[in-house]
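Coordinates as given in final.pdb (PDB, C-alpha atoms):
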ATOM      1  CA  MET O   1      -3.232  98.118  75.673
ATOM      2  CA  SER O   2      -2.601 100.686  72.953
ATOM      3  CA  THR O   3      -2.183 100.247  69.229
ATOM      4  CA  LEU O   4      -2.290 102.413  66.141
ATOM      5  CA  PHE O   5      -2.614  99.257  64.062
ATOM      6  CA  THR O   6      -6.281  98.383  64.363
ATOM      7  CA  LEU O   7      -7.171  94.737  63.974
ATOM      8  CA  GLU O   8     -10.474  93.914  62.370
ATOM      9  CA  THR O   9      -9.913  90.172  62.171
ATOM     10  CA  LYS O  10     -12.050  88.332  64.691
ATOM     11  CA  ILE O  11     -11.732  84.661  65.468
ATOM     12  CA  PRO O  12     -14.957  82.862  64.533
ATOM     13  CA  GLU O  13     -16.800  81.130  67.348
ATOM     14  CA  GLY O  14     -15.857  77.536  67.985
ATOM     15  CA  MET O  15     -12.306  77.875  66.656
ATOM     16  CA  ALA O  16      -9.370  76.535  68.653
ATOM     17  CA  GLN O  17      -6.671  79.003  69.668
ATOM     18  CA  VAL O  18      -2.967  78.375  70.031
ATOM     19  CA  SER O  19      -0.215  80.652  71.338
ATOM     20  CA  TYR O  20       3.531  80.764  70.914
ATOM     21  CA  SER O  21       3.975  79.531  74.480
ATOM     22  CA  GLN O  22       2.223  76.289  73.504
ATOM     23  CA  PHE O  23       4.500  75.809  70.520
ATOM     24  CA  SER O  24       7.574  76.671  72.594
ATOM     25  CA  LEU O  25       6.669  74.173  75.293
ATOM     26  CA  PHE O  26       6.065  71.489  72.668
ATOM     27  CA  LYS O  27       9.504  72.151  71.153
ATOM     28  CA  GLN O  28      11.105  71.859  74.572
ATOM     29  CA  CYS O  29       9.282  68.718  75.706
ATOM     30  CA  PRO O  30       6.288  67.277  73.815
ATOM     31  CA  HIS O  31       5.267  65.151  76.795
ATOM     32  CA  ARG O  32       5.132  68.149  79.117
ATOM     33  CA  TRP O  33       2.966  69.956  76.545
ATOM     34  CA  TYR O  34       0.628  66.946  76.368
ATOM     35  CA  THR O  35       0.408  66.690  80.139
ATOM     36  CA  ARG O  36      -0.475  70.346  80.522
ATOM     37  CA  TYR O  37      -2.790  70.978  77.583
ATOM     38  CA  VAL O  38      -4.396  67.636  76.823
ATOM     39  CA  LYS O  39      -4.433  66.004  80.248
ATOM     40  CA  LYS O  40      -4.948  69.469  81.799
ATOM     41  CA  GLU O  41      -2.635  68.907  84.733
ATOM     42  CA  ARG O  42      -1.857  72.101  86.594
ATOM     43  CA  GLU O  43       1.496  73.778  86.043
ATOM     44  CA  ALA O  44       3.620  75.573  88.636
ATOM     45  CA  ASP O  45       2.164  78.176  90.955
ATOM     46  CA  TYR O  46       2.258  81.870  90.082
ATOM     47  CA  GLY O  47       5.755  82.980  91.084
ATOM     48  CA  VAL O  48       7.562  86.225  91.752
ATOM     49  CA  ALA O  49       9.406  86.125  88.401
ATOM     50  CA  LEU O  50       6.108  86.112  86.504
ATOM     51  CA  LEU O  51       4.662  88.771  88.806
ATOM     52  CA  PHE O  52       7.656  91.033  88.240
ATOM     53  CA  GLY O  53       7.759  90.388  84.491
ATOM     54  CA  THR O  54       4.091  91.287  84.031
ATOM     55  CA  SER O  55       4.326  94.381  86.226
ATOM     56  CA  PHE O  56       7.520  95.618  84.571
ATOM     57  CA  HIS O  57       5.953  95.167  81.121
ATOM     58  CA  ASP O  58       2.972  97.252  82.230
ATOM     59  CA  THR O  59       5.221 100.013  83.542
ATOM     60  CA  LEU O  60       7.597 100.272  80.590
ATOM     61  CA  GLN O  61       4.766 100.079  78.047
ATOM     62  CA  ASN O  62       2.906 102.881  79.811
ATOM     63  CA  TYR O  63       6.051 105.029  79.785
ATOM     64  CA  LEU O  64       6.600 104.446  76.062
ATOM     65  CA  ASN O  65       2.949 105.109  75.237
ATOM     66  CA  VAL O  66       3.193 108.529  76.880
ATOM     67  CA  LEU O  67       6.632 109.181  75.368
ATOM     68  CA  TYR O  68       5.468 108.670  71.785
ATOM     69  CA  SER O  69       1.851 109.834  72.006
ATOM     70  CA  GLN O  70       2.468 112.920  74.156
ATOM     71  CA  SER O  71       6.022 114.070  74.852
ATOM     72  CA  SER O  72       9.274 113.167  76.537
ATOM     73  CA  LYS O  73       8.497 115.743  79.225
ATOM     74  CA  GLU O  74       5.185 114.090  80.072
ATOM     75  CA  ALA O  75       6.814 110.656  80.071
ATOM     76  CA  ASP O  76       9.615 111.801  82.376
ATOM     77  CA  ASN O  77       7.048 113.265  84.755
ATOM     78  CA  ILE O  78       5.624 109.804  85.413
ATOM     79  CA  ASN O  79       6.586 108.490  88.820
ATOM     80  CA  LEU O  80       7.852 105.181  87.474
ATOM     81  CA  SER O  81       8.751 103.683  90.846
ATOM     82  CA  GLN O  82       5.257 104.401  92.133
ATOM     83  CA  TYR O  83       3.680 103.048  88.956
ATOM     84  CA  LEU O  84       5.712  99.836  89.147
ATOM     85  CA  TYR O  85       4.777  99.332  92.793
ATOM     86  CA  SER O  86       1.079  99.806  92.039
ATOM     87  CA  ARG O  87       1.263  97.227  89.231
ATOM     88  CA  LEU O  88       3.037  94.736  91.504
ATOM     89  CA  VAL O  89       0.308  95.123  94.106
ATOM     90  CA  GLU O  90      -2.532  94.907  91.582
ATOM     91  CA  ASN O  91      -1.116  91.901  89.731
ATOM     92  CA  PHE O  92      -0.412  90.149  93.029
ATOM     93  CA  LYS O  93      -4.046  90.576  94.065
ATOM     94  CA  LYS O  94      -5.240  89.154  90.744
ATOM     95  CA  ASN O  95      -3.281  85.937  91.229
ATOM     96  CA  THR O  96      -3.896  84.905  94.813
ATOM     97  CA  VAL O  97      -4.670  81.244  94.053
ATOM     98  CA  GLY O  98      -1.599  79.130  94.762
ATOM     99  CA  ASN O  99       0.404  82.268  95.406
ATOM    100  CA  LYS O 100       3.535  81.619  97.505
ATOM    101  CA  ILE O 101       5.229  84.957  96.929
ATOM    102  CA  THR O 102       6.665  86.668 100.017
ATOM    103  CA  LYS O 103       6.812  90.375 100.761
ATOM    104  CA  SER O 104      10.615  90.281 100.809
ATOM    105  CA  GLN O 105      10.653  88.758  97.306
ATOM    106  CA  ILE O 106       8.355  91.470  96.008
ATOM    107  CA  MET O 107      10.458  94.236  97.578
ATOM    108  CA  GLU O 108      13.702  92.806  96.185
ATOM    109  CA  HIS O 109      12.263  92.670  92.673
ATOM    110  CA  TYR O 110      10.680  96.100  93.097
ATOM    111  CA  LYS O 111      14.027  97.687  94.004
ATOM    112  CA  ASP O 112      15.686  95.965  91.051
ATOM    113  CA  GLY O 113      12.898  97.241  88.780
ATOM    114  CA  VAL O 114      13.399 100.802  89.963
ATOM    115  CA  GLU O 115      17.102 100.555  89.107
ATOM    116  CA  ILE O 116      16.273  99.261  85.632
ATOM    117  CA  LEU O 117      13.717 102.004  84.980
ATOM    118  CA  GLU O 118      16.130 104.706  86.103
ATOM    119  CA  PHE O 119      18.739 103.343  83.712
ATOM    120  CA  ILE O 120      16.281 103.249  80.781
ATOM    121  CA  LYS O 121      15.055 106.765  81.538
ATOM    122  CA  LYS O 122      18.637 108.054  81.646
ATOM    123  CA  LYS O 123      19.653 106.228  78.452
ATOM    124  CA  ARG O 124      16.308 106.545  76.665
ATOM    125  CA  GLY O 125      17.739 108.101  73.505
ATOM    126  CA  GLU O 126      20.064 105.140  73.073
ATOM    127  CA  TYR O 127      17.154 102.695  72.859
ATOM    128  CA  PHE O 128      14.073 104.665  71.816
ATOM    129  CA  SER O 129      14.557 107.409  69.269
ATOM    130  CA  LEU O 130      11.859 110.031  68.780
ATOM    131  CA  ARG O 131      13.246 111.475  65.559
ATOM    132  CA  ASN O 132      11.155 110.190  62.637
ATOM    133  CA  HIS O 133       9.891 107.342  64.826
ATOM    134  CA  SER O 134       6.277 106.619  65.764
ATOM    135  CA  LEU O 135       4.647 104.118  68.056
ATOM    136  CA  MET O 136       2.667 101.443  66.251
ATOM    137  CA  GLY O 137       1.392 100.124  69.540
ATOM    138  CA  THR O 138       1.953  98.059  72.652
ATOM    139  CA  GLU O 139       0.450  94.613  73.098
ATOM    140  CA  MET O 140      -0.240  94.584  69.363
ATOM    141  CA  PRO O 141      -2.532  91.622  68.581
ATOM    142  CA  LEU O 142      -1.751  88.854  66.122
ATOM    143  CA  ARG O 143      -4.688  86.756  64.867
ATOM    144  CA  LEU O 144      -4.086  84.358  61.991
ATOM    145  CA  GLN O 145      -5.586  81.145  60.730
ATOM    146  CA  THR O 146      -3.071  78.286  60.757
ATOM    147  CA  VAL O 147      -2.645  75.387  58.343
ATOM    148  CA  ASN O 148      -5.621  73.847  60.129
ATOM    149  CA  PRO O 149      -8.674  76.022  59.270
ATOM    150  CA  LYS O 150     -10.162  75.280  62.702
ATOM    151  CA  VAL O 151      -7.095  76.498  64.611
ATOM    152  CA  TRP O 152      -6.051  80.143  64.977
ATOM    153  CA  PHE O 153      -2.791  81.601  66.210
ATOM    154  CA  VAL O 154      -3.175  84.238  68.940
ATOM    155  CA  GLY O 155      -0.316  86.430  70.123
ATOM    156  CA  TYR O 156       0.683  89.899  71.225
ATOM    157  CA  ILE O 157       3.699  91.982  70.260
ATOM    158  CA  ASP O 158       5.023  93.853  73.295
ATOM    159  CA  LEU O 159       6.068  96.942  71.341
ATOM    160  CA  GLY O 160       6.008  98.078  67.725
ATOM    161  CA  ILE O 161       7.798 101.174  66.398
ATOM    162  CA  VAL O 162       7.956 102.472  62.822
ATOM    163  CA  ASP O 163      10.789 104.524  61.346
ATOM    164  CA  ASN O 164       8.934 106.964  59.118
ATOM    165  CA  ALA O 165      12.118 107.956  57.282
ATOM    166  CA  ASP O 166      12.314 104.641  55.428
ATOM    167  CA  ASN O 167       9.054 102.904  56.440
ATOM    168  CA  SER O 168      10.814 100.186  58.392
ATOM    169  CA  TYR O 169       9.084  98.409  61.253
ATOM    170  CA  TYR O 170      10.599  97.269  64.538
ATOM    171  CA  LEU O 171       9.034  94.602  66.748
ATOM    172  CA  TYR O 172      10.213  94.332  70.344
ATOM    173  CA  ASP O 173       9.726  91.587  72.884
ATOM    174  CA  ILE O 174      10.531  92.667  76.436
ATOM    175  CA  LYS O 175      12.192  90.030  78.598
ATOM    176  CA  THR O 176      13.034  90.275  82.292
ATOM    177  CA  SER O 177      16.118  88.349  83.360
ATOM    178  CA  THR O 178      18.293  87.979  86.438
ATOM    179  CA  LYS O 179      21.635  88.775  84.804
ATOM    180  CA  GLY O 180      20.844  88.775  81.090
ATOM    181  CA  TRP O 181      20.981  86.094  78.421
ATOM    182  CA  THR O 182      24.075  83.947  77.985
ATOM    183  CA  ASP O 183      25.205  82.600  74.610
ATOM    184  CA  LYS O 184      23.399  79.374  75.452
ATOM    185  CA  GLU O 185      20.124  81.225  75.929
ATOM    186  CA  LYS O 186      20.612  83.214  72.729
ATOM    187  CA  LYS O 187      21.029  79.955  70.827
ATOM    188  CA  ASP O 188      17.944  78.432  72.443
ATOM    189  CA  GLU O 189      15.494  77.925  69.568
ATOM    190  CA  SER O 190      12.526  77.946  71.924
ATOM    191  CA  LYS O 191      13.438  81.573  72.690
ATOM    192  CA  ARG O 192      14.649  82.977  69.369
ATOM    193  CA  SER O 193      11.885  81.324  67.329
ATOM    194  CA  GLN O 194       9.302  83.590  68.951
ATOM    195  CA  LEU O 195      10.239  86.769  67.112
ATOM    196  CA  ILE O 196      10.966  84.884  63.897
ATOM    197  CA  LEU O 197       7.390  83.616  63.946
ATOM    198  CA  TYR O 198       5.960  86.973  65.055
ATOM    199  CA  ARG O 199       7.755  88.727  62.198
ATOM    200  CA  GLU O 200       6.307  86.250  59.710
ATOM    201  CA  PHE O 201       2.758  86.606  61.069
ATOM    202  CA  PHE O 202       2.969  90.391  61.484
ATOM    203  CA  SER O 203       4.016  90.785  57.846
ATOM    204  CA  LYS O 204       1.111  88.637  56.654
ATOM    205  CA  GLN O 205      -1.511  90.146  58.915
ATOM    206  CA  TYR O 206      -0.725  93.773  58.129
ATOM    207  CA  ASP O 207       0.437  93.151  54.534
ATOM    208  CA  ILE O 208       3.909  94.590  55.087
ATOM    209  CA  ASP O 209       7.052  93.633  53.188
ATOM    210  CA  LYS O 210       8.907  91.214  55.458
ATOM    211  CA  ASP O 211      12.240  92.728  54.478
ATOM    212  CA  LYS O 212      11.109  95.980  56.105
ATOM    213  CA  VAL O 213      10.392  94.272  59.434
ATOM    214  CA  PHE O 214      13.089  93.916  62.096
ATOM    215  CA  THR O 215      12.935  92.221  65.474
ATOM    216  CA  GLN O 216      14.601  92.706  68.826
ATOM    217  CA  PHE O 217      14.603  91.118  72.259
ATOM    218  CA  PHE O 218      14.807  93.937  74.796
ATOM    219  CA  ILE O 219      16.257  92.140  77.830
ATOM    220  CA  VAL O 220      16.415  93.904  81.177
ATOM    221  CA  LYS O 221      18.712  92.681  83.951
ATOM    222  CA  ARG O 222      17.691  92.691  87.585
ATOM    223  CA  LYS O 223      21.253  92.154  88.740
ATOM    224  CA  ILE O 224      24.603  93.294  87.412
ATOM    225  CA  TRP O 225      27.959  91.661  87.981
ATOM    226  CA  GLU O 226      29.673  93.055  91.052
ATOM    227  CA  ASN O 227      33.268  94.277  90.714
ATOM    228  CA  ALA O 228      33.056  94.103  86.912
ATOM    229  CA  PRO O 229      36.075  95.661  85.143
ATOM    230  CA  PHE O 230      33.764  97.641  82.843
ATOM    231  CA  ALA O 231      30.540  99.610  83.123
ATOM    232  CA  GLN O 232      27.444  97.441  83.336
ATOM    233  CA  LYS O 233      24.233  98.056  81.429
ATOM    234  CA  ARG O 234      20.804  97.127  82.704
ATOM    235  CA  VAL O 235      19.623  96.484  79.141
ATOM    236  CA  GLN O 236      20.779  93.797  76.730
ATOM    237  CA  ILE O 237      19.725  93.785  73.075
ATOM    238  CA  PHE O 238      19.496  90.593  71.049
ATOM    239  CA  ASN O 239      18.423  90.480  67.409
ATOM    240  CA  PRO O 240      17.545  86.884  66.469
ATOM    241  CA  PRO O 241      18.592  85.853  62.944
ATOM    242  CA  CYS O 242      15.462  86.068  60.796
ATOM    243  CA  GLY O 243      16.835  85.124  57.379
ATOM    244  CA  PRO O 244      14.897  82.965  54.888
ATOM    245  CA  LYS O 245      16.489  79.716  56.084
ATOM    246  CA  ASN O 246      15.708  80.298  59.769
ATOM    247  CA  THR O 247      12.226  81.578  58.984
ATOM    248  CA  LYS O 248      11.372  78.572  56.823
ATOM    249  CA  LYS O 249      12.595  76.197  59.526
ATOM    250  CA  VAL O 250      10.505  77.813  62.287
ATOM    251  CA  VAL O 251       7.363  78.105  60.148
ATOM    252  CA  THR O 252       7.704  74.466  59.074
ATOM    253  CA  GLU O 253       8.103  73.352  62.691
ATOM    254  CA  PHE O 254       5.077  75.385  63.745
ATOM    255  CA  ASN O 255       2.934  73.880  60.966
ATOM    256  CA  GLU O 256       4.084  70.390  61.939
ATOM    257  CA  PHE O 257       3.138  71.132  65.540
ATOM    258  CA  ILE O 258      -0.387  72.116  64.468
ATOM    259  CA  THR O 259      -0.904  69.034  62.299
ATOM    260  CA  THR O 260       0.557  66.746  64.966
ATOM    261  CA  VAL O 261      -1.576  67.789  67.936
ATOM    262  CA  PHE O 262      -4.890  68.905  66.381
ATOM    263  CA  ASP O 263      -7.401  66.822  64.446
ATOM    264  CA  GLU O 264      -9.361  68.177  61.468
ATOM    265  CA  ASP O 265     -12.042  69.547  63.804
ATOM    266  CA  GLY O 266      -9.527  71.622  65.754
ATOM    267  CA  LYS O 267      -9.599  69.317  68.783
ATOM    268  CA  TYR O 268      -6.571  67.983  70.616
ATOM    269  CA  LYS O 269      -5.705  64.431  69.621
ATOM    270  CA  LYS O 270      -6.159  62.353  72.758
ATOM    271  CA  ASP O 271      -4.174  59.257  71.778
ATOM    272  CA  LEU O 272      -0.823  60.893  71.139
ATOM    273  CA  LYS O 273       2.341  59.170  72.319
ATOM    274  CA  LEU O 274       4.812  62.009  72.733
ATOM    275  CA  PRO O 275       8.405  61.754  74.018
ATOM    276  CA  ALA O 276       9.566  63.212  77.325
ATOM    277  CA  ILE O 277      12.701  65.196  76.464
ATOM    278  CA  ALA O 278      14.831  65.541  79.583
ATOM    279  CA  GLY O 279      17.440  67.533  77.706
ATOM    280  CA  ALA O 280      21.152  68.031  78.199
ATOM    281  CA  ASP O 281      23.175  68.622  81.371
ATOM    282  CA  ASN O 282      21.652  65.638  83.129
ATOM    283  CA  GLY O 283      18.103  66.701  82.435
ATOM    284  CA  SER O 284      17.955  70.507  82.185
ATOM    285  CA  ASN O 285      14.322  70.438  81.048
ATOM    286  CA  CYS O 286      13.283  68.363  84.048
ATOM    287  CA  LYS O 287      14.844  70.862  86.447
ATOM    288  CA  TRP O 288      12.017  73.353  85.896
ATOM    289  CA  CYS O 289       9.251  70.916  85.026
ATOM    290  CA  PRO O 290       6.462  70.628  87.639
ATOM    291  CA  PHE O 291       5.778  67.061  86.486
ATOM    292  CA  SER O 292       9.336  65.745  86.865
ATOM    293  CA  LYS O 293       8.630  64.373  90.356
ATOM    294  CA  ARG O 294       5.331  62.825  89.354
ATOM    295  CA  GLU O 295       6.019  59.227  88.326
ATOM    296  CA  ASP O 296       2.334  58.832  87.475
ATOM    297  CA  LEU O 297       2.674  61.605  84.889
ATOM    298  CA  CYS O 298       6.237  61.149  83.656
ATOM    299  CA  LYS O 299       8.215  57.987  84.321
ATOM    300  CA  LYS O 300      11.949  58.498  84.675
ATOM    301  CA  GLU O 301      12.782  55.493  82.502
ATOM    302  CA  ASP O 302      10.825  57.017  79.623
ATOM    303  CA  ARG O 303      12.791  60.266  79.556
ATOM    304  CA  ILE O 304      15.187  60.993  76.718
ATOM    305  CA  TYR O 305      18.556  62.618  77.470
ATOM    306  CA  TYR O 306      20.998  64.164  75.020
TER     307      TYR O 306
END
What do you get writing this file as structure tokens?
Amino acid sequence: MSTLFTLETKIPEGMAQVSYSQFSLFKQCPHRWYTRYVKKEREADYGVALLFGTSFHDTLQNYLNVLYSQSSKEADNINLSQYLYSRLVENFKKNTVGNKITKSQIMEHYKDGVEILEFIKKKRGEYFSLRNHSLMGTEMPLRLQTVNPKVWFVGYIDLGIVDNADNSYYLYDIKTSTKGWTDKEKKDESKRSQLILYREFFSKQYDIDKDKVFTQFFIVKRKIWENAPFAQKRVQIFNPPCGPKNTKKVVTEFNEFITTVFDEDGKYKKDLKLPAIAGADNGSNCKWCPFSKREDLCKKEDRIYY
């Protein structure tokens, strides 16, 4: 982790902590959130997608740290394929419990990662300018008290860059994807709300004018469309709308989430009756839910479709 924005705020002992992933899961399906966090039922095993995502983050963040803190020459001298492989191995070893990842899966993702890194290195100037730009940090911490004094928000910004020419700030969230985000995924509030909320909290925490803060999903594609009639890019940029209306909506929803699931002492409310949202397309949420086949945890007749 590297950051030029030092964080002095420390969470007092005994305080509850909540992340964006909790809020996102609650938005998607409140019952799944309750089953995981209150009933403490185990989620899915550590998979290759998570392994690759974590390892790719490590690799790209290291490259950008060297690029901005040292030089482009030093950054380009990094053996990125070797670095990525070492992170895959190390992260795999850290998560051996319940691990069902095969060697062939790792090698497929590794080769895809090398292709992505080569593309970014070749097109670096298109995505990461050095002129008048400085690195604020990678894995920049967010620590803020929520509407419940006993509950604190905890998060990390993948990458922060400042344009010194006009003192504007850019927050990046790196996403790994198979073939990029479709329009449906871009409209998914559980995805786009993340940077809206991070922008709001970043502005408050570091006392920066919100109008000077811009956000971006930096989406890398493992696969590109074969026989495409036009040149394919391994990187997709998506800037979620962060206007006042969208920001107010997300902040209000987050505050409602906090007041709904935590009591005044910062403890989870045990007697909650939360709906199981199966979703559209004949239950899209259930498709990836580890509890969907557990009738004792989520009865089919109780699920809500839309």
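CA of Phe218 (chain O) is found 4.8 Å from CA of Ile174 (chain O).
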Translate the PyMOL selection byres ((chain O and resi 202-207) around 12) into a concrete residue list for this structure, as a short mmCIF file (atom, residue, chain, number, x, y, z; two decimals) with C-alpha atoms, in the frame of the given file.
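Resulting contents of selection_14.cif:
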data_model
loop_
_atom_site.label_atom_id
_atom_site.label_comp_id
_atom_site.auth_asym_id
_atom_site.auth_seq_id
_atom_site.Cartn_x
_atom_site.Cartn_y
_atom_site.Cartn_z
CA LEU O 4 -2.29 102.41 66.14
CA PHE O 5 -2.61 99.26 64.06
CA THR O 6 -6.28 98.38 64.36
CA LEU O 7 -7.17 94.74 63.97
CA GLU O 8 -10.47 93.91 62.37
CA THR O 9 -9.91 90.17 62.17
CA MET O 136 2.67 101.44 66.25
CA MET O 140 -0.24 94.58 69.36
CA PRO O 141 -2.53 91.62 68.58
CA LEU O 142 -1.75 88.85 66.12
CA ARG O 143 -4.69 86.76 64.87
CA LEU O 144 -4.09 84.36 61.99
CA GLN O 145 -5.59 81.14 60.73
CA THR O 146 -3.07 78.29 60.76
CA PHE O 153 -2.79 81.60 66.21
CA VAL O 154 -3.18 84.24 68.94
CA GLY O 155 -0.32 86.43 70.12
CA TYR O 156 0.68 89.90 71.22
CA ILE O 157 3.70 91.98 70.26
CA GLY O 160 6.01 98.08 67.72
CA SER O 168 10.81 100.19 58.39
CA TYR O 169 9.08 98.41 61.25
CA TYR O 170 10.60 97.27 64.54
CA LEU O 171 9.03 94.60 66.75
CA GLN O 194 9.30 83.59 68.95
CA LEU O 195 10.24 86.77 67.11
CA ILE O 196 10.97 84.88 63.90
CA LEU O 197 7.39 83.62 63.95
CA TYR O 198 5.96 86.97 65.06
CA ARG O 199 7.76 88.73 62.20
CA GLU O 200 6.31 86.25 59.71
CA PHE O 201 2.76 86.61 61.07
CA ILE O 208 3.91 94.59 55.09
CA ASP O 209 7.05 93.63 53.19
CA LYS O 210 8.91 91.21 55.46
CA ASP O 211 12.24 92.73 54.48
CA LYS O 212 11.11 95.98 56.10
CA VAL O 213 10.39 94.27 59.43
CA PHE O 214 13.09 93.92 62.10
CA THR O 215 12.94 92.22 65.47
#
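Each of O:Ser24, O:Ser129, O:Gln236, O:Gln216 was checked against Trp181 (chain O) using all atoms listed in the file; the smallest atom-to-atom distance is that of O:Gln236.
With all atoms listed in the file as the basis for measurement, O:Pro241 is the residue among O:Phe92, O:Ala16, O:Glu108, O:Pro241 that approaches Glu189 (chain O) most closely.
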Between CA of Pro275 (chain O) and CA of His31 (chain O), what distance in Å does the model show, to one decimal?
5.4 Å
Determine the residue membership of the PyMOL selection byres ((chain O and resi 150) around 7) for the file above and supply it as a PyMOL selection string.
chain O and resi 15-16+148-149+151-152+265-266
Decode the PyMOL selection byres ((chain O and resi 27) around 12) for the given file into explicit residues and return them as number ranges by chain.
O: 20-26, 28-34, 188-191, 193-194, 250, 253-254, 256-258, 274-279, 285
How about completing region 267-280 of chain O with N, CA and C atoms and giving it to me as a PDB file, keeping the file's coordinate frame?
ATOM      1  N   LYS O 267      -9.628  69.870  67.434  1.00  0.00           N
ATOM      2  CA  LYS O 267      -9.599  69.317  68.783  1.00  0.00           C
ATOM      3  C   LYS O 267      -8.243  68.655  69.026  1.00  0.00           C
ATOM      4  N   TYR O 268      -7.806  68.671  70.292  1.00  0.00           N
ATOM      5  CA  TYR O 268      -6.571  67.983  70.616  1.00  0.00           C
ATOM      6  C   TYR O 268      -6.725  66.479  70.375  1.00  0.00           C
ATOM      7  N   LYS O 269      -5.711  65.878  69.800  1.00  0.00           N
ATOM      8  CA  LYS O 269      -5.705  64.431  69.621  1.00  0.00           C
ATOM      9  C   LYS O 269      -5.395  63.785  70.976  1.00  0.00           C
ATOM     10  N   LYS O 270      -6.274  62.923  71.421  1.00  0.00           N
ATOM     11  CA  LYS O 270      -6.159  62.353  72.758  1.00  0.00           C
ATOM     12  C   LYS O 270      -5.196  61.174  72.857  1.00  0.00           C
ATOM     13  N   ASP O 271      -4.947  60.500  71.741  1.00  0.00           N
ATOM     14  CA  ASP O 271      -4.174  59.257  71.778  1.00  0.00           C
ATOM     15  C   ASP O 271      -2.716  59.438  71.383  1.00  0.00           C
ATOM     16  N   LEU O 272      -2.207  60.627  71.531  1.00  0.00           N
ATOM     17  CA  LEU O 272      -0.823  60.893  71.139  1.00  0.00           C
ATOM     18  C   LEU O 272       0.170  60.230  72.091  1.00  0.00           C
ATOM     19  N   LYS O 273       1.249  59.722  71.529  1.00  0.00           N
ATOM     20  CA  LYS O 273       2.341  59.170  72.319  1.00  0.00           C
ATOM     21  C   LYS O 273       3.554  60.054  72.068  1.00  0.00           C
ATOM     22  N   LEU O 274       3.776  61.009  72.948  1.00  0.00           N
ATOM     23  CA  LEU O 274       4.812  62.009  72.733  1.00  0.00           C
ATOM     24  C   LEU O 274       5.993  61.794  73.680  1.00  0.00           C
ATOM     25  N   PRO O 275       7.216  62.004  73.198  1.00  0.00           N
ATOM     26  CA  PRO O 275       8.405  61.754  74.018  1.00  0.00           C
ATOM     27  C   PRO O 275       8.606  62.787  75.117  1.00  0.00           C
ATOM     28  N   ALA O 276       9.182  62.324  76.225  1.00  0.00           N
ATOM     29  CA  ALA O 276       9.566  63.212  77.325  1.00  0.00           C
ATOM     30  C   ALA O 276      11.041  63.551  77.138  1.00  0.00           C
ATOM     31  N   ILE O 277      11.327  64.775  76.749  1.00  0.00           N
ATOM     32  CA  ILE O 277      12.701  65.196  76.464  1.00  0.00           C
ATOM     33  C   ILE O 277      13.321  65.803  77.717  1.00  0.00           C
ATOM     34  N   ALA O 278      14.188  65.054  78.361  1.00  0.00           N
ATOM     35  CA  ALA O 278      14.831  65.541  79.583  1.00  0.00           C
ATOM     36  C   ALA O 278      15.857  66.623  79.288  1.00  0.00           C
ATOM     37  N   GLY O 279      16.483  66.510  78.111  1.00  0.00           N
ATOM     38  CA  GLY O 279      17.440  67.533  77.706  1.00  0.00           C
ATOM     39  C   GLY O 279      18.863  67.209  78.089  1.00  0.00           C
ATOM     40  N   ALA O 280      19.722  68.200  77.917  1.00  0.00           N
ATOM     41  CA  ALA O 280      21.152  68.031  78.199  1.00  0.00           C
ATOM     42  C   ALA O 280      21.442  68.319  79.673  1.00  0.00           C
TER      43      ALA O 280
END
